[in-house]
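Asker: File coords.csv below, CSV, C-alpha atoms and all ligand atoms:
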```
chain,number,residue,atom,x,y,z
W,181,MET,CA,-6.3,-88.5,17.1
W,182,ILE,CA,-3.7,-85.8,17.4
W,183,TYR,CA,-1.9,-86.1,14.1
W,184,LEU,CA,1.6,-84.7,14.1
W,185,ASP,CA,3.2,-86.5,11.2
W,186,HIS,CA,2.5,-84.2,8.2
W,187,ASN,CA,5.9,-84.8,6.7
W,188,ALA,CA,4.9,-88.4,6.1
W,189,ALA,CA,1.5,-87.6,4.6
W,190,THR,CA,-1.1,-84.9,4.8
W,191,PRO,CA,-4.8,-85.4,4.8
W,192,ILE,CA,-6.5,-84.5,1.5
W,193,ASP,CA,-8.1,-81.1,1.7
W,194,ASP,CA,-11.9,-81.3,1.1
W,195,ARG,CA,-11.6,-78.7,-1.7
W,196,VAL,CA,-9.0,-81.0,-3.4
W,197,LEU,CA,-11.2,-84.0,-3.1
W,198,GLU,CA,-14.1,-82.0,-4.6
W,199,ALA,CA,-12.0,-81.0,-7.6
W,200,MET,CA,-11.0,-84.6,-8.1
W,201,LEU,CA,-14.4,-86.3,-7.9
W,202,PRO,CA,-15.7,-85.4,-11.4
W,203,PHE,CA,-12.6,-87.1,-12.9
W,204,LEU,CA,-13.3,-90.3,-11.1
W,205,LYS,CA,-17.1,-90.3,-11.8
W,206,ILE,CA,-17.9,-88.3,-14.9
W,207,PHE,CA,-14.8,-87.5,-17.0
W,208,TYR,CA,-13.2,-90.9,-17.1
W,209,GLY,CA,-12.1,-90.6,-20.7
W,210,ASN,CA,-8.5,-91.1,-21.8
W,211,PRO,CA,-6.8,-87.7,-22.1
W,212,SER,CA,-5.1,-88.9,-25.3
W,213,SER,CA,-8.5,-89.4,-27.0
W,214,LEU,CA,-9.4,-86.9,-29.6
W,215,TYR,CA,-13.2,-86.6,-29.1
W,216,ARG,CA,-14.7,-84.0,-26.7
W,217,HIS,CA,-14.8,-86.3,-23.6
W,218,GLY,CA,-11.0,-86.9,-24.0
W,219,ARG,CA,-10.3,-83.2,-24.7
W,220,VAL,CA,-12.0,-82.1,-21.4
W,221,VAL,CA,-9.7,-84.4,-19.5
W,222,ARG,CA,-6.6,-83.2,-21.4
W,223,SER,CA,-7.5,-79.6,-20.6
W,224,ALA,CA,-7.9,-80.6,-16.9
W,225,ILE,CA,-4.3,-81.9,-16.9
W,226,ASN,CA,-3.1,-78.7,-18.5
W,227,GLY,CA,-5.0,-76.7,-15.9
W,228,ALA,CA,-3.3,-78.6,-13.1
W,229,ARG,CA,0.1,-77.9,-14.8
W,230,GLU,CA,-0.6,-74.2,-14.8
W,231,GLN,CA,-1.7,-74.3,-11.2
W,232,LEU,CA,1.5,-76.0,-10.2
W,233,ALA,CA,3.6,-73.7,-12.4
W,234,GLU,CA,2.1,-70.7,-10.6
W,235,LEU,CA,3.0,-72.0,-7.2
W,236,ILE,CA,6.7,-72.5,-8.1
W,237,SER,CA,7.1,-69.6,-10.6
W,238,ALA,CA,8.0,-72.0,-13.5
W,239,GLN,CA,6.7,-72.4,-17.0
W,240,PRO,CA,3.9,-75.1,-17.4
W,241,GLY,CA,6.0,-76.7,-20.1
W,242,GLN,CA,8.9,-77.3,-17.6
W,243,ILE,CA,6.7,-79.7,-15.6
W,244,ILE,CA,6.6,-83.5,-16.0
W,245,PHE,CA,3.9,-85.2,-13.9
W,246,THR,CA,5.1,-88.4,-12.2
W,247,SER,CA,3.8,-90.9,-9.7
W,248,GLY,CA,5.3,-89.0,-6.8
W,249,GLY,CA,8.5,-87.6,-5.4
W,250,THR,CA,10.4,-90.9,-5.6
W,251,GLU,CA,9.8,-91.2,-9.3
W,252,ALA,CA,10.8,-87.5,-9.8
W,253,ASN,CA,14.0,-88.1,-7.9
W,254,ASN,CA,14.8,-91.2,-9.9
W,255,LEU,CA,14.0,-89.4,-13.2
W,256,ALA,CA,16.2,-86.5,-12.2
W,257,LEU,CA,19.3,-88.7,-11.7
W,258,SER,CA,18.6,-90.6,-14.9
W,259,THR,CA,19.6,-87.4,-16.8
W,260,LEU,CA,23.3,-88.3,-16.2
W,261,LYS,CA,25.3,-89.5,-19.1
W,262,PRO,CA,27.2,-92.8,-18.8
W,263,LYS,CA,30.2,-92.5,-16.4
W,264,ALA,CA,29.2,-89.0,-15.4
W,265,ARG,CA,30.1,-87.6,-12.0
W,266,LEU,CA,27.4,-87.1,-9.4
W,267,ALA,CA,27.5,-85.6,-5.9
W,268,ILE,CA,24.7,-85.9,-3.4
W,269,SER,CA,24.4,-84.7,0.2
W,270,ALA,CA,24.7,-87.3,2.9
W,271,ILE,CA,21.3,-86.3,4.2
W,272,GLU,CA,19.2,-86.9,1.1
W,273,HIS,CA,16.0,-89.0,1.1
W,274,PRO,CA,16.4,-92.7,0.3
W,275,SER,CA,14.8,-92.0,-3.1
W,276,ILE,CA,18.0,-90.1,-4.0
W,277,ILE,CA,20.5,-92.2,-2.1
W,278,GLU,CA,19.4,-95.5,-3.5
W,279,PRO,CA,19.4,-94.6,-7.2
W,280,ALA,CA,22.7,-92.8,-6.7
W,281,LEU,CA,24.2,-96.0,-5.2
W,282,HIS,CA,22.8,-97.9,-8.2
W,283,LEU,CA,24.4,-95.4,-10.6
W,284,LYS,CA,27.7,-95.9,-8.7
W,285,ASN,CA,27.5,-99.7,-9.2
W,286,GLN,CA,27.0,-98.9,-12.9
W,287,GLY,CA,30.3,-97.0,-13.1
W,288,HIS,CA,29.3,-93.4,-12.3
W,289,ASP,CA,31.5,-91.5,-9.9
W,290,LEU,CA,29.6,-90.7,-6.7
W,291,THR,CA,30.7,-88.1,-4.1
W,292,LEU,CA,28.9,-87.8,-0.8
W,293,ILE,CA,28.7,-84.2,0.4
W,294,ASN,CA,29.1,-84.0,4.2
W,295,VAL,CA,27.1,-81.7,6.4
W,296,ASP,CA,28.0,-79.9,9.7
W,297,LYS,CA,26.4,-80.5,13.1
W,298,ASN,CA,23.3,-78.6,12.1
W,299,GLY,CA,22.8,-80.6,8.9
W,300,LEU,CA,24.0,-77.8,6.7
W,301,VAL,CA,26.2,-78.3,3.6
W,302,THR,CA,29.4,-76.2,4.1
W,303,GLN,CA,31.2,-73.9,1.7
W,304,GLU,CA,34.3,-76.2,2.0
W,305,ALA,CA,32.2,-79.1,0.8
W,306,ILE,CA,30.9,-77.0,-2.2
W,307,ASP,CA,34.5,-76.0,-3.0
W,308,LYS,CA,35.5,-79.7,-3.0
W,309,ILE,CA,32.8,-80.7,-5.5
W,310,ILE,CA,33.7,-77.8,-7.7
W,311,ASN,CA,37.3,-79.0,-7.8
W,312,LYS,CA,36.1,-82.5,-8.6
W,313,LYS,CA,34.3,-81.1,-11.6
W,314,VAL,CA,31.1,-83.1,-11.0
W,315,ASP,CA,28.3,-83.0,-13.6
W,316,LEU,CA,25.3,-83.0,-11.3
W,317,VAL,CA,24.7,-82.1,-7.7
W,318,SER,CA,21.6,-83.2,-5.8
W,319,LEU,CA,21.0,-81.1,-2.7
W,320,MET,CA,17.6,-81.1,-0.9
W,321,LEU,CA,15.9,-77.8,-0.1
W,322,ALA,CA,14.4,-78.9,3.2
W,323,ASN,CA,15.3,-82.0,5.1
W,324,ASN,CA,12.3,-84.4,5.9
W,325,GLU,CA,13.6,-85.2,9.4
W,326,THR,CA,15.0,-82.1,10.9
W,327,GLY,CA,13.3,-79.5,8.6
W,328,VAL,CA,16.7,-77.8,8.0
W,329,LEU,CA,16.8,-75.5,5.0
W,330,GLN,CA,19.9,-75.4,2.8
W,331,ASN,CA,21.2,-72.1,1.4
W,332,ILE,CA,20.7,-73.5,-2.1
W,333,GLU,CA,20.7,-70.1,-3.9
W,334,ASP,CA,24.2,-69.3,-2.5
W,335,TYR,CA,25.5,-72.5,-3.9
W,336,THR,CA,23.7,-72.6,-7.3
W,337,ARG,CA,25.4,-69.4,-8.3
W,338,GLN,CA,28.8,-70.9,-7.7
W,339,LEU,CA,28.0,-74.3,-9.2
W,340,ARG,CA,26.4,-72.9,-12.3
W,341,ALA,CA,29.4,-70.6,-12.9
W,342,GLU,CA,31.4,-73.9,-13.2
W,343,GLY,CA,28.8,-75.4,-15.6
W,344,ILE,CA,27.5,-77.9,-12.9
W,345,ASN,CA,23.8,-78.7,-13.0
W,346,ILE,CA,21.8,-78.8,-9.7
W,347,HIS,CA,18.9,-80.9,-8.7
W,348,THR,CA,16.9,-80.1,-5.6
W,349,ASP,CA,14.4,-82.3,-3.8
W,350,ALA,CA,11.9,-79.7,-2.8
W,351,VAL,CA,9.3,-82.3,-1.7
W,352,GLN,CA,9.2,-81.1,1.9
W,353,ALA,CA,9.6,-77.4,1.2
W,354,LEU,CA,6.7,-77.1,-1.2
W,355,GLY,CA,3.6,-75.5,0.4
W,356,LYS,CA,5.5,-74.6,3.6
W,357,ILE,CA,7.9,-71.9,2.4
W,358,PRO,CA,8.0,-70.0,-0.9
W,359,VAL,CA,9.6,-72.2,-3.6
W,360,ASN,CA,10.7,-70.3,-6.8
W,361,PHE,CA,12.2,-72.6,-9.5
W,362,ASN,CA,14.0,-69.8,-11.3
W,363,GLN,CA,15.2,-67.9,-8.3
W,364,LEU,CA,16.7,-71.0,-6.8
W,365,GLY,CA,18.8,-71.4,-9.9
W,366,VAL,CA,18.4,-75.1,-10.1
W,367,GLN,CA,17.9,-77.1,-13.3
W,368,LEU,CA,15.9,-79.9,-11.8
W,369,MET,CA,13.4,-80.0,-9.0
W,370,SER,CA,11.3,-82.8,-7.5
W,371,LEU,CA,7.8,-82.3,-5.9
W,372,SER,CA,5.1,-84.4,-4.4
W,373,SER,CA,1.4,-83.9,-4.0
W,374,HIS,CA,0.7,-85.8,-0.8
W,375,LYS,CA,2.8,-83.5,1.3
W,376,ILE,CA,0.7,-80.5,0.3
W,377,TYR,CA,-2.9,-81.8,1.1
W,378,GLY,CA,-3.2,-83.5,-2.3
W,379,PRO,CA,-3.6,-87.2,-3.1
W,380,LYS,CA,-0.8,-89.8,-2.9
W,381,GLY,CA,0.5,-91.1,-6.2
W,382,SER,CA,1.2,-87.7,-7.9
W,383,GLY,CA,4.3,-85.7,-8.1
W,384,ALA,CA,6.4,-83.7,-10.6
W,385,LEU,CA,9.9,-83.2,-12.0
W,386,VAL,CA,10.5,-79.6,-13.0
W,387,PHE,CA,13.4,-79.1,-15.5
W,388,ASP,CA,15.2,-76.5,-17.4
W,389,LYS,CA,14.6,-77.5,-21.0
W,390,LYS,CA,17.6,-75.5,-22.3
W,391,LEU,CA,20.2,-77.4,-20.2
W,392,ILE,CA,18.7,-80.8,-19.3
W,393,ASP,CA,18.1,-83.8,-21.5
W,394,ILE,CA,15.5,-86.1,-19.8
W,395,LYS,CA,15.9,-89.8,-20.3
W,396,PRO,CA,12.5,-91.4,-19.7
W,397,LEU,CA,12.4,-94.2,-17.1
W,398,LEU,CA,9.5,-95.8,-19.0
W,399,SER,CA,9.1,-96.5,-22.7
W,400,GLY,CA,5.7,-96.4,-24.3
W,401,GLY,CA,3.3,-93.6,-25.4
W,402,SER,CA,4.2,-89.9,-25.8
W,403,GLN,CA,2.5,-88.6,-22.7
W,404,GLU,CA,4.1,-85.8,-20.7
W,405,GLN,CA,6.0,-84.6,-23.8
W,406,GLY,CA,7.4,-88.1,-24.3
W,407,PHE,CA,9.2,-88.0,-20.9
W,408,ARG,CA,6.8,-90.1,-18.9
W,409,ALA,CA,4.9,-92.8,-20.9
W,410,GLY,CA,1.6,-94.2,-19.6
W,411,THR,CA,-2.0,-93.0,-19.3
W,412,GLU,CA,-2.0,-90.1,-16.8
W,413,ASP,CA,-3.6,-90.5,-13.4
W,414,VAL,CA,-6.0,-87.7,-14.1
W,415,PRO,CA,-7.8,-87.4,-10.8
W,416,SER,CA,-4.5,-87.3,-8.9
W,417,ILE,CA,-3.0,-84.8,-11.2
W,418,VAL,CA,-6.1,-82.6,-10.9
W,419,GLY,CA,-5.9,-83.0,-7.1
W,420,PHE,CA,-2.2,-82.0,-7.1
W,421,GLY,CA,-3.1,-78.9,-9.2
W,422,LYS,CA,-5.9,-77.9,-6.8
W,423,ALA,CA,-3.6,-78.5,-3.8
W,424,ALA,CA,-1.0,-76.3,-5.4
W,425,GLU,CA,-3.5,-73.5,-6.1
W,426,LEU,CA,-4.6,-73.6,-2.4
W,427,ALA,CA,-1.0,-73.7,-1.2
W,428,LYS,CA,-0.2,-70.6,-3.2
W,429,ASN,CA,-3.3,-68.7,-2.0
W,430,GLU,CA,-2.8,-69.7,1.6
W,431,LEU,CA,1.0,-69.9,1.9
W,432,VAL,CA,1.4,-66.8,4.1
W,433,GLU,CA,-1.4,-67.8,6.5
W,434,ARG,CA,-0.3,-71.4,6.7
W,435,HIS,CA,3.3,-70.4,7.4
W,436,ALA,CA,2.3,-68.0,10.2
W,437,HIS,CA,0.0,-70.6,11.8
W,438,LEU,CA,2.7,-73.4,11.6
W,439,LEU,CA,5.4,-71.1,13.0
W,440,LYS,CA,3.2,-70.0,15.9
W,441,LEU,CA,2.5,-73.6,16.8
W,442,ARG,CA,6.2,-74.6,16.4
W,443,THR,CA,7.2,-71.8,18.7
W,444,GLN,CA,4.6,-72.9,21.3
W,445,LEU,CA,5.8,-76.4,21.0
W,446,GLU,CA,9.5,-75.5,21.4
W,447,HIS,CA,8.8,-73.4,24.5
W,448,GLY,CA,7.1,-76.4,26.0
W,449,LEU,CA,9.9,-78.8,25.0
W,450,ASN,CA,12.9,-76.7,25.9
W,451,VAL,CA,12.2,-76.9,29.6
W,452,ILE,CA,12.1,-80.8,29.6
W,453,PRO,CA,15.4,-82.0,31.1
W,454,GLY,CA,17.6,-84.1,28.8
W,455,LEU,CA,15.7,-83.0,25.7
W,456,THR,CA,17.5,-81.7,22.6
W,457,VAL,CA,15.8,-80.0,19.6
W,458,PHE,CA,18.1,-80.9,16.7
W,459,ALA,CA,19.4,-78.0,14.6
W,460,GLN,CA,17.4,-75.6,16.7
W,461,GLN,CA,19.6,-72.6,15.9
W,462,VAL,CA,19.4,-72.8,12.1
W,463,ASN,CA,16.8,-71.9,9.5
W,464,ARG,CA,14.2,-74.7,9.4
W,465,LEU,CA,10.7,-75.5,8.0
W,466,PRO,CA,8.0,-73.8,10.1
W,467,ASN,CA,6.3,-77.2,10.8
W,468,THR,CA,9.1,-79.6,11.7
W,469,ILE,CA,10.9,-80.4,15.0
W,470,GLN,CA,13.1,-83.3,15.6
W,471,ILE,CA,14.0,-84.1,19.2
W,472,GLY,CA,16.2,-86.5,21.1
W,473,ILE,CA,15.6,-87.4,24.8
W,474,ASP,CA,18.4,-88.8,27.0
W,475,ASN,CA,17.9,-92.6,27.8
W,476,ILE,CA,14.7,-92.9,25.7
W,477,ASP,CA,14.1,-95.2,22.8
W,478,GLY,CA,12.4,-93.2,20.0
W,479,GLU,CA,10.5,-96.2,18.5
W,480,MET,CA,9.2,-97.1,22.0
W,481,LEU,CA,8.1,-93.6,22.7
W,482,LEU,CA,6.4,-93.5,19.3
W,483,MET,CA,4.4,-96.6,20.3
W,484,GLN,CA,3.5,-95.2,23.7
W,485,LEU,CA,2.3,-92.0,22.1
W,486,ASP,CA,0.3,-94.1,19.7
W,487,GLN,CA,-1.5,-95.6,22.7
W,488,LYS,CA,-2.5,-92.1,23.7
W,489,ASN,CA,-3.8,-91.6,20.2
W,490,ILE,CA,-1.0,-89.3,19.1
W,491,ALA,CA,0.8,-89.9,15.8
W,492,VAL,CA,4.5,-88.8,15.4
W,493,SER,CA,7.4,-90.4,13.5
W,494,SER,CA,10.8,-91.7,14.6
W,495,GLY,CA,12.8,-90.1,11.8
W,496,SER,CA,11.6,-90.7,8.2
W,497,ALA,CA,8.6,-93.0,7.7
W,498,CYS,CA,10.5,-95.0,5.1
W,499,ALA,CA,13.2,-95.9,7.5
W,500,SER,CA,11.0,-96.6,10.5
W,501,GLY,CA,10.6,-100.2,11.7
W,502,LEU,CA,14.4,-100.8,11.1
W,503,ASN,CA,15.4,-99.6,14.6
W,504,GLU,CA,18.6,-98.1,13.2
W,505,PRO,CA,19.7,-94.6,14.1
W,506,SER,CA,18.6,-92.0,11.6
W,507,PRO,CA,21.2,-91.7,8.9
W,508,VAL,CA,20.5,-88.0,8.8
W,509,LEU,CA,21.4,-87.5,12.5
W,510,VAL,CA,24.4,-89.8,12.1
W,511,ALA,CA,25.6,-87.7,9.2
W,512,MET,CA,25.2,-84.6,11.5
W,513,GLY,CA,27.6,-86.3,13.9
W,514,ILE,CA,25.0,-87.0,16.5
W,515,ASP,CA,25.9,-89.8,18.9
W,516,PRO,CA,24.1,-93.0,17.6
W,517,ALA,CA,22.5,-93.6,21.1
W,518,GLN,CA,21.0,-90.1,21.1
W,519,ALA,CA,20.0,-90.5,17.4
W,520,LYS,CA,18.1,-93.6,18.4
W,521,SER,CA,16.0,-91.6,20.8
W,522,ALA,CA,14.8,-89.2,18.1
W,523,ILE,CA,11.2,-88.5,17.3
W,524,ARG,CA,9.9,-86.1,14.6
W,525,ILE,CA,6.9,-83.9,15.1
W,526,SER,CA,5.6,-82.4,11.9
W,527,LEU,CA,2.7,-80.0,12.2
W,528,GLY,CA,-0.1,-79.3,9.7
W,529,LYS,CA,-2.5,-76.6,8.9
W,530,SER,CA,-5.3,-78.1,11.0
W,531,ASN,CA,-3.3,-78.6,14.2
W,532,THR,CA,-4.4,-76.4,17.1
W,533,GLU,CA,-2.8,-74.9,20.3
W,534,THR,CA,-4.9,-77.2,22.4
W,535,GLU,CA,-3.4,-80.2,20.6
W,536,ILE,CA,0.1,-78.9,21.3
W,537,ILE,CA,-0.7,-78.5,25.0
W,538,GLU,CA,-2.0,-82.0,25.2
W,539,PHE,CA,1.0,-83.4,23.3
W,540,ILE,CA,3.4,-81.8,25.7
W,541,LYS,CA,1.4,-83.0,28.7
W,542,GLN,CA,1.4,-86.6,27.4
W,543,LEU,CA,5.1,-86.5,26.4
W,544,LYS,CA,6.1,-85.3,29.9
W,545,SER,CA,4.1,-87.9,31.6
W,546,LEU,CA,5.5,-90.7,29.4
W,547,ILE,CA,9.1,-89.6,29.9
W,548,THR,CA,8.8,-89.3,33.7
W,549,THR,CA,7.0,-92.7,34.1
W,550,GLY,CA,9.3,-94.3,31.6
W,601,LIG,N1,11.8,-86.6,-0.9
W,601,LIG,C1,11.6,-86.3,0.4
W,601,LIG,C2,12.4,-85.2,1.0
W,601,LIG,C3,10.5,-86.9,1.1
W,601,LIG,O1,10.3,-86.6,2.3
W,601,LIG,C4,9.8,-87.9,0.4
W,601,LIG,C5,8.7,-88.6,1.1
W,601,LIG,O2,8.6,-88.7,2.3
W,601,LIG,C6,10.1,-88.2,-0.9
W,601,LIG,C7,11.1,-87.5,-1.5
W,601,LIG,C8,9.3,-89.2,-1.7
W,601,LIG,O3,8.1,-88.7,-2.1
W,601,LIG,P1,6.8,-89.7,-2.5
W,601,LIG,O4,6.3,-90.3,-1.2
W,601,LIG,O5,5.9,-88.8,-3.2
W,601,LIG,O6,7.4,-90.7,-3.4
```
Please render this file's structure as structure tokens.

Answerer:
Amino acid sequence: MIYLDHNAATPIDDRVLEAMLPFLKIFYGNPSSLYRHGRVVRSAINGAREQLAELISAQPGQIIFTSGGTEANNLALSTLKPKARLAISAIEHPSIIEPALHLKNQGHDLTLINVDKNGLVTQEAIDKIINKKVDLVSLMLANNETGVLQNIEDYTRQLRAEGINIHTDAVQALGKIPVNFNQLGVQLMSLSSHKIYGPKGSGALVFDKKLIDIKPLLSGGSQEQGFRAGTEDVPSIVGFGKAAELAKNELVERHAHLLKLRTQLEHGLNVIPGLTVFAQQVNRLPNTIQIGIDNIDGEMLLMQLDQKNIAVSSGSACASGLNEPSPVLVAMGIDPAQAKSAIRISLGKSNTETEIIEFIKQLKSLITTG
């Protein structure tokens, strides 16, 4: 199979699996147990926390392990006080949009921040939310569909000067570009393990302890400093930590490899008549390309590529199967018919130039034969 859907899930790196296995087979104790068998497990969790902290230049104590990016996003929004004002961009992942709508139903004020035709939040939009005196802004670092990177640092300076807290969903950025919690100037940041060659079911919320009060989503034990009750999923946390360590050590090499393949892919795609690479002129993740093709149905093309043993996505995996135009593209002002033709190609560290050549060949033949 030619797997080109790494923004949906990455394969577990062998070295990650190796690090996890002892915690499935040998060190099965509860990390809260006080005897040695438990203490070994506790220290593995702390080790993973340090590995993740290193990757994002944060303090280990600022990290709360969660069940994934979705829980981290929900937890981030739960920090809002009753009736507080929230602003989110119109292109956020459903795991931000849905809890934000829920908060709106509960009486919070919700503002949607519009984006321009390239999916970028504009200075005018930032000025508006400053005038509205919102309490929290949630603005993703990299979009899961288009790969577009927001100029978060420019905005955090202005928002912080007004006392506004900022959350960023960095799930897609992690492991693909440098992500530095302090430098970004955000107070909350969500991460997920299965996008960086770690296991599914593990993620993290990073938070600025001085400014943010976390309200736990679950009541129970005092795990994760009391912010996330429940016995920790130790093998997954250990795997996340190892994946973070590898991402840190290999970031430069992975970035260069992905960018080389993306450039090769774009050269091949740009000569196909009626094909548009969305947001091609702006700063994007090195691994992500979203394309639209005139008079083509994206879901249909996905299924035809599947028959050729090639895996791509039509927008975000969570939204697929609905056959609705991608809300991200609609928010960018893309015509709904063109948005329905979209497919997303997201590259990974094991993809090769030969696979790109084969993908372009198959895509061309499917488009011309219909
Ligand atoms: N945020 C973004 C931008 C994502 O792409 C995803 C998953 O696709 C999530 C959050 C949710 O992460 P998880 O699958 O770990 O719950």

Asker: Would you compute the distance between CA of Gly365 in chain W and CA of Glu333 in chain W? Give it in Å to one decimal.

Answerer: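 Value for the CA of Gly365 in chain W-CA of Glu333 in chain W distance: 6.4 Å.
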
Asker: Can you pull out the residues contacting range 534-546 of chain W? Cut-off 8 Å, using all atoms listed in the file, and skip same-chain residues under 5 positions away; I want them as a list in words.

Answerer: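 Those residues are Ile182, Leu441, Gln444, Leu445, Gly448, Leu449, Ile452, Leu481, Gln484, Leu485, Lys488 and Ile490 of chain W.
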
Asker: Would you work out the distance separating CA of Gly454 in chain W from CA of Glu325 in chain W, expressed in Å to one decimal?

Answerer: 19.8 Å

Asker: If the limit is 8 Å from any atom of ligand LIG 601 (chain W), counting all atoms listed in the file, which residues qualify? Return them as an MDAnalysis selection string.

Answerer: chainID W and resid 187:189 247:253 272:276 320 322:325 349:352 370:375 380:383 496:498

Asker: Between W:Ser521, W:Thr456, W:Ser416, W:Gln461, which has the minimum distance to Leu482 in chain W (counting only C-alpha atoms)?

Answerer: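 Checking each candidate against Leu482 in chain W, we get W:Ser521 as the closest.
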
Asker: Interatomic distance between CA of Val196 in chain W and CA of Val359 in chain W?

Answerer: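 So the two atoms, CA of Val196 in chain W and CA of Val359 in chain W, lie 20.6 Å apart.
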
Asker: Determine, counting all atoms listed in the file, which protein, DNA and RNA residues have an atom within 10 Å of an atom of Pro505 in chain W; residues of the same chain fewer than 4 positions away are not included. Present the result as a PyMOL selection string.

Answerer: chain W and resi 478+494-495+499-500+509-510+514-522

Asker: I need every residue sitting at most 12 Å from the point (26.1, -71.3, -2.4) (coordinates as in the file, only C-alpha atoms considered), written as a list in words.

Answerer: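 With a cut-off of 12 Å, the residues come to Leu300, Val301, Thr302, Gln303, Glu304, Ala305, Ile306, Asp307, Ile309, Ile310, Leu319, Gln330, Asn331, Ile332, Glu333, Asp334, Tyr335, Thr336, Arg337, Gln338, Leu339, Arg340, Ala341, Ile346, Leu364, Gly365 and Val366 of chain W.
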
Asker: Just checking: using only C-alpha atoms, which residue out of W:Met512, W:Asn467, W:Lys261, W:His282 ends up closest to Lys395 in chain W?

Answerer: W:Lys261

Asker: Determine, counting all atoms listed in the file, which protein, DNA and RNA residues have an atom within 7 Å of an atom of Ile244 in chain W; residues of the same chain fewer than 3 positions away are not included. Present the result as a PyMOL selection string.

Answerer: chain W and resi 384-386+404

Asker: Given the point (30.5, -97.3, -15.0) in the coordinates of this file, which residues lie within 7 Å, counting all atoms listed in the file, and how would they look as a JSON list (two decimals) with C-alpha atoms, in the coordinates of the input?

Answerer:
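File written: result.json
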```json
[["chain", "number", "residue", "atom", "x", "y", "z"],
["W", 262, "PRO", "CA", 27.20, -92.80, -18.80],
["W", 263, "LYS", "CA", 30.20, -92.50, -16.40],
["W", 285, "ASN", "CA", 27.50, -99.70, -9.20],
["W", 286, "GLN", "CA", 27.00, -98.90, -12.90],
["W", 287, "GLY", "CA", 30.30, -97.00, -13.10],
["W", 288, "HIS", "CA", 29.30, -93.40, -12.30]]
```

Asker: Would you mind telling me which residue in W:Ile469, W:Ile236, W:Ile357, W:Leu255 lies nearest to Leu431 in chain W when using all atoms listed in the file?

Answerer: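 Of the candidates, the smallest distance to Leu431 in chain W is held by W:Ile357.
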
Asker: Quick one: everything within 8 Å of Gly400 in chain W, counting all atoms listed in the file, minus sequence neighbours fewer than 2 positions away in the same chain. Send it as an NGL selection string.

Answerer: :W and (398 or 402 or 409-410)

Asker: I need the residue nearest Leu204 in chain W from this list: W:Asp315, W:Glu504, W:Asp413, W:Glu433. Use only C-alpha atoms for the distance.

Answerer: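 The closest residue to Leu204 in chain W is W:Asp413.
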